[in-house]
2 protein chains.
Amino acid sequence: MDASLLTITPGAAEPIYRQIVEQLRRMIAGGQLPPGELLPSVREVAGFHAINPMTVSRAYSLLEGEGLLERLRGTGMAVAQRARRARSEAERMSLLEPRLHDLARAARELELPAGRVLRRLGELLEDGE
Amino acid sequence: MDASLLTITPGAAEPIYRQIVEQLRRMIAGGQLPPGELLPSVREVAGFHAINPMTVSRAYSLLEGEGLLERLRGTGMAVAQRARRARSEAERMSLLEPRLHDLARAARELELPAGRVLRRLGELLEDGE
DNA sequence: CCACGTGTATTGTTGTATTGATACACATGG
DNA sequence: CCATGTGTATCAATACAACAATACACGTGG
């Protein structure tokens with residue numbers, strides 16, 4: 001995997017390390033990062049995005065704690081073999097649930113018709129592919 | 001409006017004052033809080049939710065700065081009259097856009113089929129009403 | 001008139017989160 | 001064998017959020 005595949009926004013409200021964590025978590029769960037895949041080194045990511053190596057390391061460590069990454073000493077970090085599990089559609093869906101709830105609540109408070117929200121989301125989901 | 005209508009989660013990642021700000025902003029844009037509506041006093045909200053009065057005051061001040069609330073001296077805060085504008089469906093929709101983009105991106109990284117996401121969101125939107 | 005209820009300014013303290021700078025231990029691989 | 005590249009432990013700096021305790025300015029309403 002290449003460092004350029006990560007999207008990092010230093011100025012955002014969401015902390016950098018968490019941007020990395022959640023992005024990688026989803027890409028692993030989704031299968032874009034298969035088990036065994038080697039991740040870019042902390043210094044590589046840090047250099048490319050002009051951030052601190054420790055910030056990247058922190059993200060990697062958290063994912064290692066979750067069992068999603070493996071430390072290959074002297075080589076780097078790789079997607080763990082046992083990370084292949086937890087890949088049923090239902091399980092991936094559960095990672096999206098909190099965001100869905102927040103969205104539904106916001107839409108309700110805005111008194112927006114369900115149809116309109118669904119239609120717009122449909123468009124955005126198409127655009128990506 | 002009653003203090004119990006606000007949903008506040010002290011332990012959440014999102015700071016309390018911003019939870020209040022965004023919630024009120026949406027309820028005003030959505031029309032649940034019509035112009036002239038009197039808000040609960042800072043001490044009332046603070047007491048009910050066991051938080052600091054200054055935290056509530058901070059949220060109110062920010063909304064006053066946006067022109068959404070009006071200070072009625074000696075009485076409290078009320079939804080501003082001129083807040084009625086900016087209420088077209090398109091405008092309310094725009095408040096939801098960032099969240100929609102995030103969701104679409106997450107769904108893509110999770111490799112979830114659009115249909116499934118849309119169906120689930122549909123359910124959640126129904127439940128609310 | 002004046003007690004009471006508004007919001008707010010002020011000051012200080014506490015806890016936490018985030019990021020950064022530096023130095024270190026370790027395995028690889030020519 | 002040792003230069004090079006891994007990740008990371010440690011400490012510090014900074015910023016932010018929230019709380020606490022006052023005191024204040026102001027209008028309402030009995």
# chains A, B, ... in the order shown; residues from 1 in each chain; ligands from 1

$ calpha_fit_and_write --fixed "chain A" --moving "chain B" --output "short mmCIF file (atom, residue, chain, number, x, y, z; two decimals) with N, CA, C and O atoms, in the first residue's frame"
data_model
loop_
_atom_site.label_atom_id
_atom_site.label_comp_id
_atom_site.auth_asym_id
_atom_site.auth_seq_id
_atom_site.Cartn_x
_atom_site.Cartn_y
_atom_site.Cartn_z
N MET B 1 0.63 -1.13 -0.09
CA MET B 1 -0.21 0.08 -0.05
C MET B 1 0.68 1.32 -0.06
O MET B 1 1.76 1.33 0.49
N ASP B 2 0.16 2.35 -0.70
CA ASP B 2 0.92 3.58 -0.82
C ASP B 2 0.43 4.64 0.16
O ASP B 2 -0.76 4.70 0.49
N ALA B 3 1.35 5.47 0.61
CA ALA B 3 1.01 6.52 1.57
C ALA B 3 0.01 7.51 0.99
O ALA B 3 -0.76 8.14 1.72
N SER B 4 -0.01 7.62 -0.33
CA SER B 4 -0.89 8.62 -0.96
C SER B 4 -2.35 8.20 -0.88
O SER B 4 -3.25 9.00 -1.12
N LEU B 5 -2.61 6.95 -0.53
CA LEU B 5 -4.00 6.49 -0.46
C LEU B 5 -4.72 6.95 0.80
O LEU B 5 -5.93 6.89 0.90
N LEU B 6 -3.94 7.44 1.75
CA LEU B 6 -4.54 7.96 2.98
C LEU B 6 -4.95 9.41 2.79
O LEU B 6 -4.19 10.21 2.25
N THR B 7 -6.13 9.72 3.25
CA THR B 7 -6.60 11.10 3.19
C THR B 7 -6.48 11.70 4.58
O THR B 7 -7.15 11.27 5.51
N ILE B 8 -5.62 12.69 4.69
CA ILE B 8 -5.39 13.30 6.00
C ILE B 8 -5.62 14.80 5.94
O ILE B 8 -5.13 15.49 5.06
N THR B 9 -6.41 15.28 6.88
CA THR B 9 -6.71 16.71 6.95
C THR B 9 -6.27 17.24 8.30
O THR B 9 -6.98 17.09 9.30
N PRO B 10 -5.07 17.86 8.35
CA PRO B 10 -4.50 18.29 9.62
C PRO B 10 -5.38 19.29 10.36
O PRO B 10 -5.39 19.33 11.58
N GLY B 11 -6.11 20.11 9.62
CA GLY B 11 -6.90 21.16 10.28
C GLY B 11 -8.23 20.70 10.83
O GLY B 11 -8.90 21.44 11.53
N ALA B 12 -8.61 19.46 10.53
CA ALA B 12 -9.94 18.98 10.90
C ALA B 12 -10.13 18.88 12.41
O ALA B 12 -9.16 18.88 13.17
N ALA B 13 -11.36 18.78 12.81
CA ALA B 13 -11.67 18.65 14.23
C ALA B 13 -11.21 17.28 14.74
O ALA B 13 -10.71 17.17 15.84
N GLU B 14 -11.40 16.29 13.92
CA GLU B 14 -10.99 14.94 14.29
C GLU B 14 -9.47 14.85 14.30
O GLU B 14 -8.82 15.24 13.34
N PRO B 15 -8.90 14.36 15.39
CA PRO B 15 -7.45 14.27 15.48
C PRO B 15 -6.86 13.39 14.39
O PRO B 15 -7.49 12.42 13.96
N ILE B 16 -5.65 13.74 13.97
CA ILE B 16 -5.00 13.05 12.87
C ILE B 16 -4.88 11.54 13.11
O ILE B 16 -5.22 10.74 12.24
N TYR B 17 -4.43 11.18 14.31
CA TYR B 17 -4.20 9.75 14.54
C TYR B 17 -5.50 8.97 14.40
O TYR B 17 -5.51 7.83 13.94
N ARG B 18 -6.61 9.60 14.74
CA ARG B 18 -7.87 8.88 14.63
C ARG B 18 -8.37 8.84 13.20
O ARG B 18 -9.04 7.88 12.80
N GLN B 19 -8.06 9.86 12.42
CA GLN B 19 -8.40 9.81 11.00
C GLN B 19 -7.74 8.58 10.38
O GLN B 19 -8.36 7.84 9.62
N ILE B 20 -6.48 8.38 10.72
CA ILE B 20 -5.75 7.24 10.17
C ILE B 20 -6.36 5.93 10.66
O ILE B 20 -6.62 5.02 9.87
N VAL B 21 -6.61 5.86 11.95
CA VAL B 21 -7.15 4.63 12.53
C VAL B 21 -8.46 4.22 11.85
O VAL B 21 -8.61 3.09 11.39
N GLU B 22 -9.38 5.15 11.78
CA GLU B 22 -10.71 4.77 11.28
C GLU B 22 -10.68 4.48 9.79
O GLU B 22 -11.40 3.61 9.30
N GLN B 23 -9.84 5.21 9.08
CA GLN B 23 -9.75 4.98 7.65
C GLN B 23 -9.20 3.58 7.37
O GLN B 23 -9.77 2.81 6.58
N LEU B 24 -8.13 3.24 8.04
CA LEU B 24 -7.53 1.91 7.84
C LEU B 24 -8.48 0.81 8.31
O LEU B 24 -8.61 -0.22 7.66
N ARG B 25 -9.14 1.06 9.42
CA ARG B 25 -10.05 0.06 9.95
C ARG B 25 -11.12 -0.28 8.93
O ARG B 25 -11.45 -1.45 8.71
N ARG B 26 -11.65 0.74 8.28
CA ARG B 26 -12.69 0.49 7.28
C ARG B 26 -12.12 -0.19 6.04
O ARG B 26 -12.75 -1.08 5.47
N MET B 27 -10.94 0.24 5.62
CA MET B 27 -10.36 -0.34 4.41
C MET B 27 -9.98 -1.81 4.64
O MET B 27 -9.98 -2.60 3.70
N ILE B 28 -9.67 -2.16 5.87
CA ILE B 28 -9.39 -3.55 6.19
C ILE B 28 -10.69 -4.35 6.22
O ILE B 28 -10.81 -5.42 5.62
N ALA B 29 -11.69 -3.79 6.89
CA ALA B 29 -12.98 -4.48 6.99
C ALA B 29 -13.60 -4.65 5.61
O ALA B 29 -14.25 -5.65 5.33
N GLY B 30 -13.39 -3.65 4.77
CA GLY B 30 -13.99 -3.68 3.44
C GLY B 30 -13.25 -4.60 2.47
O GLY B 30 -13.79 -4.99 1.45
N GLY B 31 -12.01 -4.90 2.77
CA GLY B 31 -11.28 -5.82 1.93
C GLY B 31 -10.30 -5.14 0.98
O GLY B 31 -9.56 -5.81 0.26
N GLN B 32 -10.29 -3.83 0.95
CA GLN B 32 -9.33 -3.13 0.09
C GLN B 32 -7.90 -3.40 0.53
O GLN B 32 -6.98 -3.35 -0.27
N LEU B 33 -7.76 -3.66 1.82
CA LEU B 33 -6.45 -4.03 2.35
C LEU B 33 -6.51 -5.47 2.83
O LEU B 33 -6.95 -5.75 3.93
N PRO B 34 -6.09 -6.39 1.99
CA PRO B 34 -6.19 -7.82 2.33
C PRO B 34 -5.12 -8.21 3.35
O PRO B 34 -4.10 -7.52 3.47
N PRO B 35 -5.35 -9.29 4.09
CA PRO B 35 -4.38 -9.78 5.06
C PRO B 35 -3.01 -9.99 4.40
O PRO B 35 -2.93 -10.50 3.29
N GLY B 36 -1.98 -9.56 5.08
CA GLY B 36 -0.64 -9.70 4.54
C GLY B 36 -0.14 -8.42 3.87
O GLY B 36 1.06 -8.22 3.73
N GLU B 37 -1.07 -7.59 3.45
CA GLU B 37 -0.70 -6.34 2.78
C GLU B 37 0.20 -5.50 3.68
O GLU B 37 -0.06 -5.32 4.86
N LEU B 38 1.29 -5.01 3.09
CA LEU B 38 2.25 -4.22 3.86
C LEU B 38 1.87 -2.74 3.83
O LEU B 38 1.56 -2.18 2.78
N LEU B 39 1.87 -2.15 5.00
CA LEU B 39 1.54 -0.72 5.08
C LEU B 39 2.78 0.14 4.86
O LEU B 39 3.90 -0.32 5.08
N PRO B 40 2.58 1.38 4.43
CA PRO B 40 3.71 2.29 4.29
C PRO B 40 4.33 2.55 5.67
O PRO B 40 3.61 2.57 6.66
N SER B 41 5.63 2.76 5.70
CA SER B 41 6.31 2.98 6.99
C SER B 41 5.85 4.29 7.62
O SER B 41 5.37 5.19 6.93
N VAL B 42 5.99 4.36 8.91
CA VAL B 42 5.57 5.57 9.62
C VAL B 42 6.29 6.80 9.07
O VAL B 42 5.69 7.87 8.92
N ARG B 43 7.55 6.65 8.73
CA ARG B 43 8.30 7.80 8.22
C ARG B 43 7.83 8.18 6.82
O ARG B 43 7.85 9.36 6.45
N GLU B 44 7.41 7.19 6.09
CA GLU B 44 6.92 7.45 4.73
C GLU B 44 5.61 8.26 4.79
O GLU B 44 5.47 9.29 4.15
N VAL B 45 4.69 7.76 5.60
CA VAL B 45 3.40 8.45 5.75
C VAL B 45 3.62 9.85 6.30
O VAL B 45 3.06 10.84 5.81
N ALA B 46 4.48 9.94 7.31
CA ALA B 46 4.73 11.23 7.95
C ALA B 46 5.33 12.21 6.95
O ALA B 46 4.94 13.39 6.91
N GLY B 47 6.28 11.73 6.16
CA GLY B 47 6.92 12.61 5.19
C GLY B 47 5.94 13.08 4.13
O GLY B 47 5.86 14.27 3.81
N PHE B 48 5.16 12.14 3.60
CA PHE B 48 4.23 12.47 2.53
C PHE B 48 3.19 13.49 2.96
O PHE B 48 2.86 14.41 2.23
N HIS B 49 2.69 13.35 4.18
CA HIS B 49 1.62 14.23 4.63
C HIS B 49 2.11 15.34 5.56
O HIS B 49 1.31 16.08 6.13
N ALA B 50 3.41 15.41 5.73
CA ALA B 50 4.00 16.47 6.56
C ALA B 50 3.43 16.44 7.98
O ALA B 50 3.00 17.46 8.51
N ILE B 51 3.44 15.29 8.56
CA ILE B 51 3.02 15.17 9.95
C ILE B 51 4.11 14.43 10.73
O ILE B 51 5.11 13.99 10.15
N ASN B 52 3.90 14.31 12.01
CA ASN B 52 4.92 13.71 12.86
C ASN B 52 4.88 12.18 12.83
O ASN B 52 3.81 11.59 12.93
N PRO B 53 6.04 11.56 12.70
CA PRO B 53 6.09 10.09 12.64
C PRO B 53 5.42 9.43 13.85
O PRO B 53 4.76 8.41 13.70
N MET B 54 5.56 10.06 15.01
CA MET B 54 4.97 9.45 16.20
C MET B 54 3.45 9.44 16.14
O MET B 54 2.80 8.59 16.74
N THR B 55 2.90 10.38 15.42
CA THR B 55 1.44 10.42 15.27
C THR B 55 0.97 9.20 14.46
O THR B 55 -0.04 8.57 14.79
N VAL B 56 1.75 8.86 13.43
CA VAL B 56 1.41 7.68 12.63
C VAL B 56 1.62 6.42 13.47
O VAL B 56 0.78 5.52 13.48
N SER B 57 2.72 6.40 14.19
CA SER B 57 3.02 5.25 15.03
C SER B 57 1.91 4.99 16.03
O SER B 57 1.54 3.85 16.30
N ARG B 58 1.39 6.08 16.54
CA ARG B 58 0.30 5.95 17.51
C ARG B 58 -0.91 5.25 16.88
O ARG B 58 -1.53 4.38 17.49
N ALA B 59 -1.23 5.66 15.66
CA ALA B 59 -2.37 5.06 14.96
C ALA B 59 -2.10 3.57 14.72
O ALA B 59 -2.96 2.72 14.98
N TYR B 60 -0.90 3.24 14.25
CA TYR B 60 -0.56 1.84 13.99
C TYR B 60 -0.67 1.01 15.27
O TYR B 60 -1.18 -0.10 15.27
N SER B 61 -0.18 1.59 16.36
CA SER B 61 -0.20 0.84 17.62
C SER B 61 -1.62 0.52 18.06
O SER B 61 -1.90 -0.57 18.55
N LEU B 62 -2.48 1.48 17.89
CA LEU B 62 -3.87 1.25 18.28
C LEU B 62 -4.48 0.11 17.47
O LEU B 62 -5.18 -0.75 18.01
N LEU B 63 -4.19 0.11 16.18
CA LEU B 63 -4.73 -0.94 15.32
C LEU B 63 -4.09 -2.29 15.64
O LEU B 63 -4.73 -3.33 15.52
N GLU B 64 -2.84 -2.27 16.04
CA GLU B 64 -2.20 -3.51 16.46
C GLU B 64 -2.91 -4.04 17.71
O GLU B 64 -3.16 -5.22 17.85
N GLY B 65 -3.26 -3.12 18.60
CA GLY B 65 -3.97 -3.49 19.81
C GLY B 65 -5.32 -4.13 19.51
O GLY B 65 -5.79 -4.99 20.24
N GLU B 66 -5.92 -3.72 18.43
CA GLU B 66 -7.21 -4.29 18.02
C GLU B 66 -7.03 -5.62 17.32
O GLU B 66 -8.01 -6.29 17.01
N GLY B 67 -5.79 -5.94 17.00
CA GLY B 67 -5.55 -7.19 16.30
C GLY B 67 -5.70 -7.07 14.79
O GLY B 67 -5.69 -8.07 14.08
N LEU B 68 -5.81 -5.86 14.30
CA LEU B 68 -5.99 -5.68 12.85
C LEU B 68 -4.66 -5.59 12.11
O LEU B 68 -4.57 -5.89 10.93
N LEU B 69 -3.62 -5.16 12.84
CA LEU B 69 -2.30 -5.08 12.21
C LEU B 69 -1.32 -5.99 12.95
O LEU B 69 -1.51 -6.31 14.13
N GLU B 70 -0.29 -6.38 12.22
CA GLU B 70 0.76 -7.22 12.81
C GLU B 70 2.09 -6.52 12.65
O GLU B 70 2.36 -5.91 11.61
N ARG B 71 2.89 -6.62 13.68
CA ARG B 71 4.23 -6.05 13.60
C ARG B 71 5.18 -7.06 13.00
O ARG B 71 5.38 -8.13 13.56
N LEU B 72 5.76 -6.74 11.86
CA LEU B 72 6.80 -7.59 11.28
C LEU B 72 8.13 -6.92 11.56
O LEU B 72 8.50 -5.96 10.88
N ARG B 73 8.81 -7.39 12.58
CA ARG B 73 10.03 -6.71 13.02
C ARG B 73 11.05 -6.58 11.90
O ARG B 73 11.36 -7.55 11.21
N GLY B 74 11.54 -5.39 11.78
CA GLY B 74 12.53 -5.13 10.76
C GLY B 74 11.93 -4.89 9.38
O GLY B 74 12.61 -4.48 8.46
N THR B 75 10.65 -5.13 9.25
CA THR B 75 10.00 -4.97 7.95
C THR B 75 8.92 -3.88 7.96
O THR B 75 8.86 -3.04 7.06
N GLY B 76 8.09 -3.91 9.00
CA GLY B 76 7.03 -2.89 9.05
C GLY B 76 5.74 -3.44 9.61
O GLY B 76 5.73 -4.43 10.33
N MET B 77 4.65 -2.80 9.26
CA MET B 77 3.34 -3.25 9.72
C MET B 77 2.58 -3.84 8.55
O MET B 77 2.63 -3.32 7.43
N ALA B 78 1.85 -4.92 8.83
CA ALA B 78 1.06 -5.56 7.79
C ALA B 78 -0.32 -5.87 8.33
O ALA B 78 -0.53 -5.96 9.54
N VAL B 79 -1.27 -5.99 7.44
CA VAL B 79 -2.61 -6.38 7.85
C VAL B 79 -2.57 -7.80 8.40
O VAL B 79 -2.00 -8.69 7.77
N ALA B 80 -3.12 -7.98 9.58
CA ALA B 80 -3.04 -9.27 10.26
C ALA B 80 -3.81 -10.34 9.49
O ALA B 80 -4.81 -10.04 8.82
N GLN B 81 -3.35 -11.58 9.58
CA GLN B 81 -4.02 -12.69 8.91
C GLN B 81 -5.40 -12.92 9.51
O GLN B 81 -6.38 -13.12 8.81
N ARG B 82 -5.46 -12.87 10.82
CA ARG B 82 -6.72 -13.15 11.48
C ARG B 82 -7.73 -12.00 11.32
O ARG B 82 -8.84 -12.06 11.81
N ALA B 83 -7.30 -10.97 10.61
CA ALA B 83 -8.20 -9.83 10.39
C ALA B 83 -9.26 -10.16 9.35
O ALA B 83 -10.18 -9.41 9.15
N ARG B 84 -9.08 -11.33 8.72
CA ARG B 84 -10.03 -11.68 7.66
C ARG B 84 -11.43 -11.93 8.21
O ARG B 84 -12.43 -11.70 7.55
N ARG B 85 -11.47 -12.40 9.46
CA ARG B 85 -12.78 -12.61 10.06
C ARG B 85 -13.51 -11.27 10.25
O ARG B 85 -12.99 -10.23 9.91
N ALA B 86 -14.66 -11.32 10.83
CA ALA B 86 -15.43 -10.10 11.07
C ALA B 86 -15.64 -9.35 9.78
O ALA B 86 -15.39 -8.18 9.67
N ARG B 87 -16.10 -10.07 8.77
CA ARG B 87 -16.23 -9.44 7.47
C ARG B 87 -17.57 -9.68 6.83
O ARG B 87 -17.78 -9.35 5.68
N SER B 88 -18.47 -10.31 7.56
CA SER B 88 -19.79 -10.49 6.98
C SER B 88 -20.37 -9.11 6.70
O SER B 88 -20.01 -8.13 7.35
N GLU B 89 -21.26 -9.05 5.75
CA GLU B 89 -21.84 -7.77 5.40
C GLU B 89 -22.52 -7.14 6.61
O GLU B 89 -22.42 -5.94 6.85
N ALA B 90 -23.17 -8.01 7.39
CA ALA B 90 -23.86 -7.51 8.58
C ALA B 90 -22.87 -6.86 9.54
O ALA B 90 -23.15 -5.81 10.14
N GLU B 91 -21.73 -7.46 9.65
CA GLU B 91 -20.73 -6.95 10.59
C GLU B 91 -20.17 -5.62 10.12
O GLU B 91 -19.98 -4.68 10.89
N ARG B 92 -19.92 -5.55 8.82
CA ARG B 92 -19.44 -4.27 8.28
C ARG B 92 -20.52 -3.20 8.45
O ARG B 92 -20.26 -2.06 8.77
N MET B 93 -21.75 -3.65 8.25
CA MET B 93 -22.87 -2.72 8.38
C MET B 93 -22.92 -2.13 9.78
O MET B 93 -23.24 -0.96 9.96
N SER B 94 -22.58 -2.94 10.74
CA SER B 94 -22.68 -2.47 12.13
C SER B 94 -21.70 -1.33 12.39
O SER B 94 -21.92 -0.49 13.26
N LEU B 95 -20.63 -1.29 11.63
CA LEU B 95 -19.67 -0.21 11.79
C LEU B 95 -20.25 1.11 11.30
O LEU B 95 -19.77 2.19 11.65
N LEU B 96 -21.28 0.99 10.48
CA LEU B 96 -21.88 2.20 9.91
C LEU B 96 -23.07 2.68 10.73
O LEU B 96 -23.51 3.82 10.60
N GLU B 97 -23.57 1.81 11.58
CA GLU B 97 -24.79 2.11 12.34
C GLU B 97 -24.78 3.45 13.10
O GLU B 97 -25.72 4.24 12.94
N PRO B 98 -23.76 3.72 13.90
CA PRO B 98 -23.79 4.98 14.66
C PRO B 98 -23.97 6.19 13.73
O PRO B 98 -24.75 7.09 14.01
N ARG B 99 -23.23 6.16 12.64
CA ARG B 99 -23.31 7.28 11.70
C ARG B 99 -24.71 7.39 11.10
O ARG B 99 -25.22 8.48 10.86
N LEU B 100 -25.32 6.25 10.85
CA LEU B 100 -26.66 6.25 10.28
C LEU B 100 -27.67 6.85 11.27
O LEU B 100 -28.56 7.61 10.89
N HIS B 101 -27.50 6.50 12.52
CA HIS B 101 -28.42 7.04 13.53
C HIS B 101 -28.28 8.55 13.63
O HIS B 101 -29.28 9.27 13.68
N ASP B 102 -27.06 9.02 13.69
CA ASP B 102 -26.84 10.47 13.76
C ASP B 102 -27.48 11.17 12.58
O ASP B 102 -28.14 12.19 12.72
N LEU B 103 -27.27 10.58 11.42
CA LEU B 103 -27.81 11.20 10.21
C LEU B 103 -29.32 11.25 10.25
O LEU B 103 -29.94 12.27 9.95
N ALA B 104 -29.92 10.15 10.66
CA ALA B 104 -31.38 10.09 10.70
C ALA B 104 -31.93 11.13 11.67
O ALA B 104 -32.90 11.83 11.39
N ARG B 105 -31.27 11.24 12.78
CA ARG B 105 -31.72 12.22 13.77
C ARG B 105 -31.61 13.64 13.24
O ARG B 105 -32.52 14.44 13.37
N ALA B 106 -30.49 13.94 12.62
CA ALA B 106 -30.30 15.28 12.06
C ALA B 106 -31.36 15.57 11.00
O ALA B 106 -31.94 16.65 10.97
N ALA B 107 -31.61 14.60 10.16
CA ALA B 107 -32.59 14.78 9.10
C ALA B 107 -33.98 15.04 9.69
O ALA B 107 -34.74 15.87 9.19
N ARG B 108 -34.28 14.35 10.77
CA ARG B 108 -35.57 14.53 11.42
C ARG B 108 -35.69 15.94 11.99
O ARG B 108 -36.71 16.61 11.82
N GLU B 109 -34.64 16.37 12.68
CA GLU B 109 -34.68 17.71 13.26
C GLU B 109 -34.77 18.78 12.19
O GLU B 109 -35.29 19.86 12.42
N LEU B 110 -34.24 18.47 11.04
CA LEU B 110 -34.31 19.44 9.93
C LEU B 110 -35.63 19.33 9.19
O LEU B 110 -35.88 20.09 8.24
N GLU B 111 -36.45 18.37 9.59
CA GLU B 111 -37.75 18.16 8.95
C GLU B 111 -37.60 17.94 7.45
O GLU B 111 -38.37 18.48 6.65
N LEU B 112 -36.62 17.17 7.10
CA LEU B 112 -36.41 16.87 5.68
C LEU B 112 -37.12 15.57 5.31
O LEU B 112 -37.05 14.60 6.07
N PRO B 113 -37.79 15.56 4.17
CA PRO B 113 -38.48 14.34 3.73
C PRO B 113 -37.49 13.21 3.47
O PRO B 113 -36.43 13.42 2.90
N ALA B 114 -37.86 12.02 3.89
CA ALA B 114 -36.97 10.86 3.77
C ALA B 114 -36.53 10.65 2.33
O ALA B 114 -35.36 10.36 2.06
N GLY B 115 -37.46 10.81 1.41
CA GLY B 115 -37.15 10.58 0.00
C GLY B 115 -35.98 11.43 -0.47
O GLY B 115 -35.06 10.93 -1.13
N ARG B 116 -36.03 12.66 -0.10
CA ARG B 116 -34.99 13.58 -0.56
C ARG B 116 -33.61 13.18 -0.02
O ARG B 116 -32.62 13.20 -0.75
N VAL B 117 -33.58 12.82 1.23
CA VAL B 117 -32.31 12.42 1.85
C VAL B 117 -31.77 11.16 1.17
O VAL B 117 -30.60 11.06 0.83
N LEU B 118 -32.67 10.21 0.97
CA LEU B 118 -32.25 8.94 0.38
C LEU B 118 -31.76 9.14 -1.05
O LEU B 118 -30.76 8.54 -1.46
N ARG B 119 -32.44 10.00 -1.78
CA ARG B 119 -32.05 10.23 -3.17
C ARG B 119 -30.64 10.82 -3.22
O ARG B 119 -29.78 10.39 -3.98
N ARG B 120 -30.42 11.81 -2.36
CA ARG B 120 -29.11 12.47 -2.35
C ARG B 120 -28.00 11.49 -1.96
O ARG B 120 -26.94 11.49 -2.56
N LEU B 121 -28.28 10.71 -0.96
CA LEU B 121 -27.26 9.74 -0.54
C LEU B 121 -26.99 8.75 -1.66
O LEU B 121 -25.84 8.36 -1.89
N GLY B 122 -28.04 8.40 -2.36
CA GLY B 122 -27.88 7.49 -3.50
C GLY B 122 -26.91 8.07 -4.52
O GLY B 122 -25.99 7.38 -4.98
N GLU B 123 -27.08 9.33 -4.83
CA GLU B 123 -26.17 9.99 -5.77
C GLU B 123 -24.73 9.89 -5.29
O GLU B 123 -23.82 9.52 -6.04
N LEU B 124 -24.52 10.23 -4.03
CA LEU B 124 -23.15 10.25 -3.50
C LEU B 124 -22.53 8.85 -3.51
O LEU B 124 -21.33 8.70 -3.74
N LEU B 125 -23.36 7.85 -3.28
CA LEU B 125 -22.82 6.48 -3.27
C LEU B 125 -22.43 6.05 -4.68
O LEU B 125 -21.48 5.30 -4.87
N GLU B 126 -23.14 6.55 -5.67
CA GLU B 126 -22.80 6.22 -7.06
C GLU B 126 -21.49 6.88 -7.45
O GLU B 126 -20.59 6.24 -7.96
N ASP B 127 -21.40 8.18 -7.16
CA ASP B 127 -20.23 8.97 -7.56
C ASP B 127 -18.92 8.29 -7.22
O ASP B 127 -17.95 8.36 -7.96
N GLY B 128 -18.91 7.65 -6.07
CA GLY B 128 -17.66 7.11 -5.57
C GLY B 128 -17.06 6.02 -6.45
O GLY B 128 -15.84 5.91 -6.55
N GLU B 129 -17.90 5.27 -7.10
CA GLU B 129 -17.36 4.10 -7.78
C GLU B 129 -17.01 4.32 -9.24
O GLU B 129 -17.27 5.28 -9.82
#

$ interface_residues --of "chain D" --to "chain B" --cutoff "7 Å" --atoms "only C-alpha atoms (C1' of nucleotides)" --output "PyMOL selection string"
chain D and resi 17+19+26-28

$ write_last_selection --atoms "N, CA and C atoms (P, O5', C5', C4', C3', O3' and C1' of nucleotides)" --output "PDB file, in the first residue's frame"
ATOM      1  P    DA D  17     -12.874  23.429  22.468  1.00  0.00           P
ATOM      2  O5'  DA D  17     -13.496  22.671  23.706  1.00  0.00           O
ATOM      3  C5'  DA D  17     -13.103  21.326  23.941  1.00  0.00           C
ATOM      4  C4'  DA D  17     -13.484  20.908  25.344  1.00  0.00           C
ATOM      5  C3'  DA D  17     -14.792  21.509  25.855  1.00  0.00           C
ATOM      6  O3'  DA D  17     -15.606  20.445  26.303  1.00  0.00           O
ATOM      7  C1'  DA D  17     -13.034  21.860  27.430  1.00  0.00           C
ATOM      8  P    DC D  19     -19.212  20.703  32.896  1.00  0.00           P
ATOM      9  O5'  DC D  19     -18.457  21.248  34.195  1.00  0.00           O
ATOM     10  C5'  DC D  19     -17.482  20.421  34.818  1.00  0.00           C
ATOM     11  C4'  DC D  19     -16.779  21.208  35.913  1.00  0.00           C
ATOM     12  C3'  DC D  19     -17.733  21.935  36.860  1.00  0.00           C
ATOM     13  O3'  DC D  19     -17.490  21.446  38.163  1.00  0.00           O
ATOM     14  C1'  DC D  19     -15.946  23.344  36.162  1.00  0.00           C
ATOM     15  P    DC D  26     -26.162  48.362  32.499  1.00  0.00           P
ATOM     16  O5'  DC D  26     -27.551  47.588  32.375  1.00  0.00           O
ATOM     17  C5'  DC D  26     -27.675  46.580  31.398  1.00  0.00           C
ATOM     18  C4'  DC D  26     -28.913  45.753  31.681  1.00  0.00           C
ATOM     19  C3'  DC D  26     -30.177  46.588  31.920  1.00  0.00           C
ATOM     20  O3'  DC D  26     -30.953  46.584  30.745  1.00  0.00           O
ATOM     21  C1'  DC D  26     -30.015  44.650  33.339  1.00  0.00           C
ATOM     22  P    DG D  27     -32.233  47.566  30.650  1.00  0.00           P
ATOM     23  O5'  DG D  27     -33.425  46.561  30.969  1.00  0.00           O
ATOM     24  C5'  DG D  27     -33.633  45.458  30.107  1.00  0.00           C
ATOM     25  C4'  DG D  27     -34.649  44.505  30.708  1.00  0.00           C
ATOM     26  C3'  DG D  27     -36.039  45.097  30.945  1.00  0.00           C
ATOM     27  O3'  DG D  27     -37.004  44.159  30.492  1.00  0.00           O
ATOM     28  C1'  DG D  27     -35.199  44.181  32.975  1.00  0.00           C
ATOM     29  P    DT D  28     -38.535  44.590  30.411  1.00  0.00           P
ATOM     30  O5'  DT D  28     -39.167  43.553  31.423  1.00  0.00           O
ATOM     31  C5'  DT D  28     -38.653  42.220  31.428  1.00  0.00           C
ATOM     32  C4'  DT D  28     -39.183  41.472  32.634  1.00  0.00           C
ATOM     33  C3'  DT D  28     -40.665  41.696  32.933  1.00  0.00           C
ATOM     34  O3'  DT D  28     -41.279  40.442  33.111  1.00  0.00           O
ATOM     35  C1'  DT D  28     -39.362  42.107  34.877  1.00  0.00           C
TER      36       DT D  28
END

$ select_by_dssp --residues "chain B" --states "strand (DSSP E)" --output "list in words"
Leu69, Glu70, Arg71, Leu72, Gly76, Met77, Ala78 and Val79 of chain B

$ write_last_selection --atoms "C-alpha atoms" --output "compact mmCIF listing (two decimals), in the first residue's frame"
# COMPACT_ATOMS: atom_id res chain seq x y z
CA LEU B 69 -30.98 33.74 18.96
CA GLU B 70 -31.94 37.07 20.46
CA ARG B 71 -31.14 38.34 23.89
CA LEU B 72 -34.23 39.56 25.71
CA GLY B 76 -33.82 35.20 28.53
CA MET B 77 -32.94 33.98 25.08
CA ALA B 78 -35.45 33.55 22.28
CA VAL B 79 -35.33 32.36 18.72
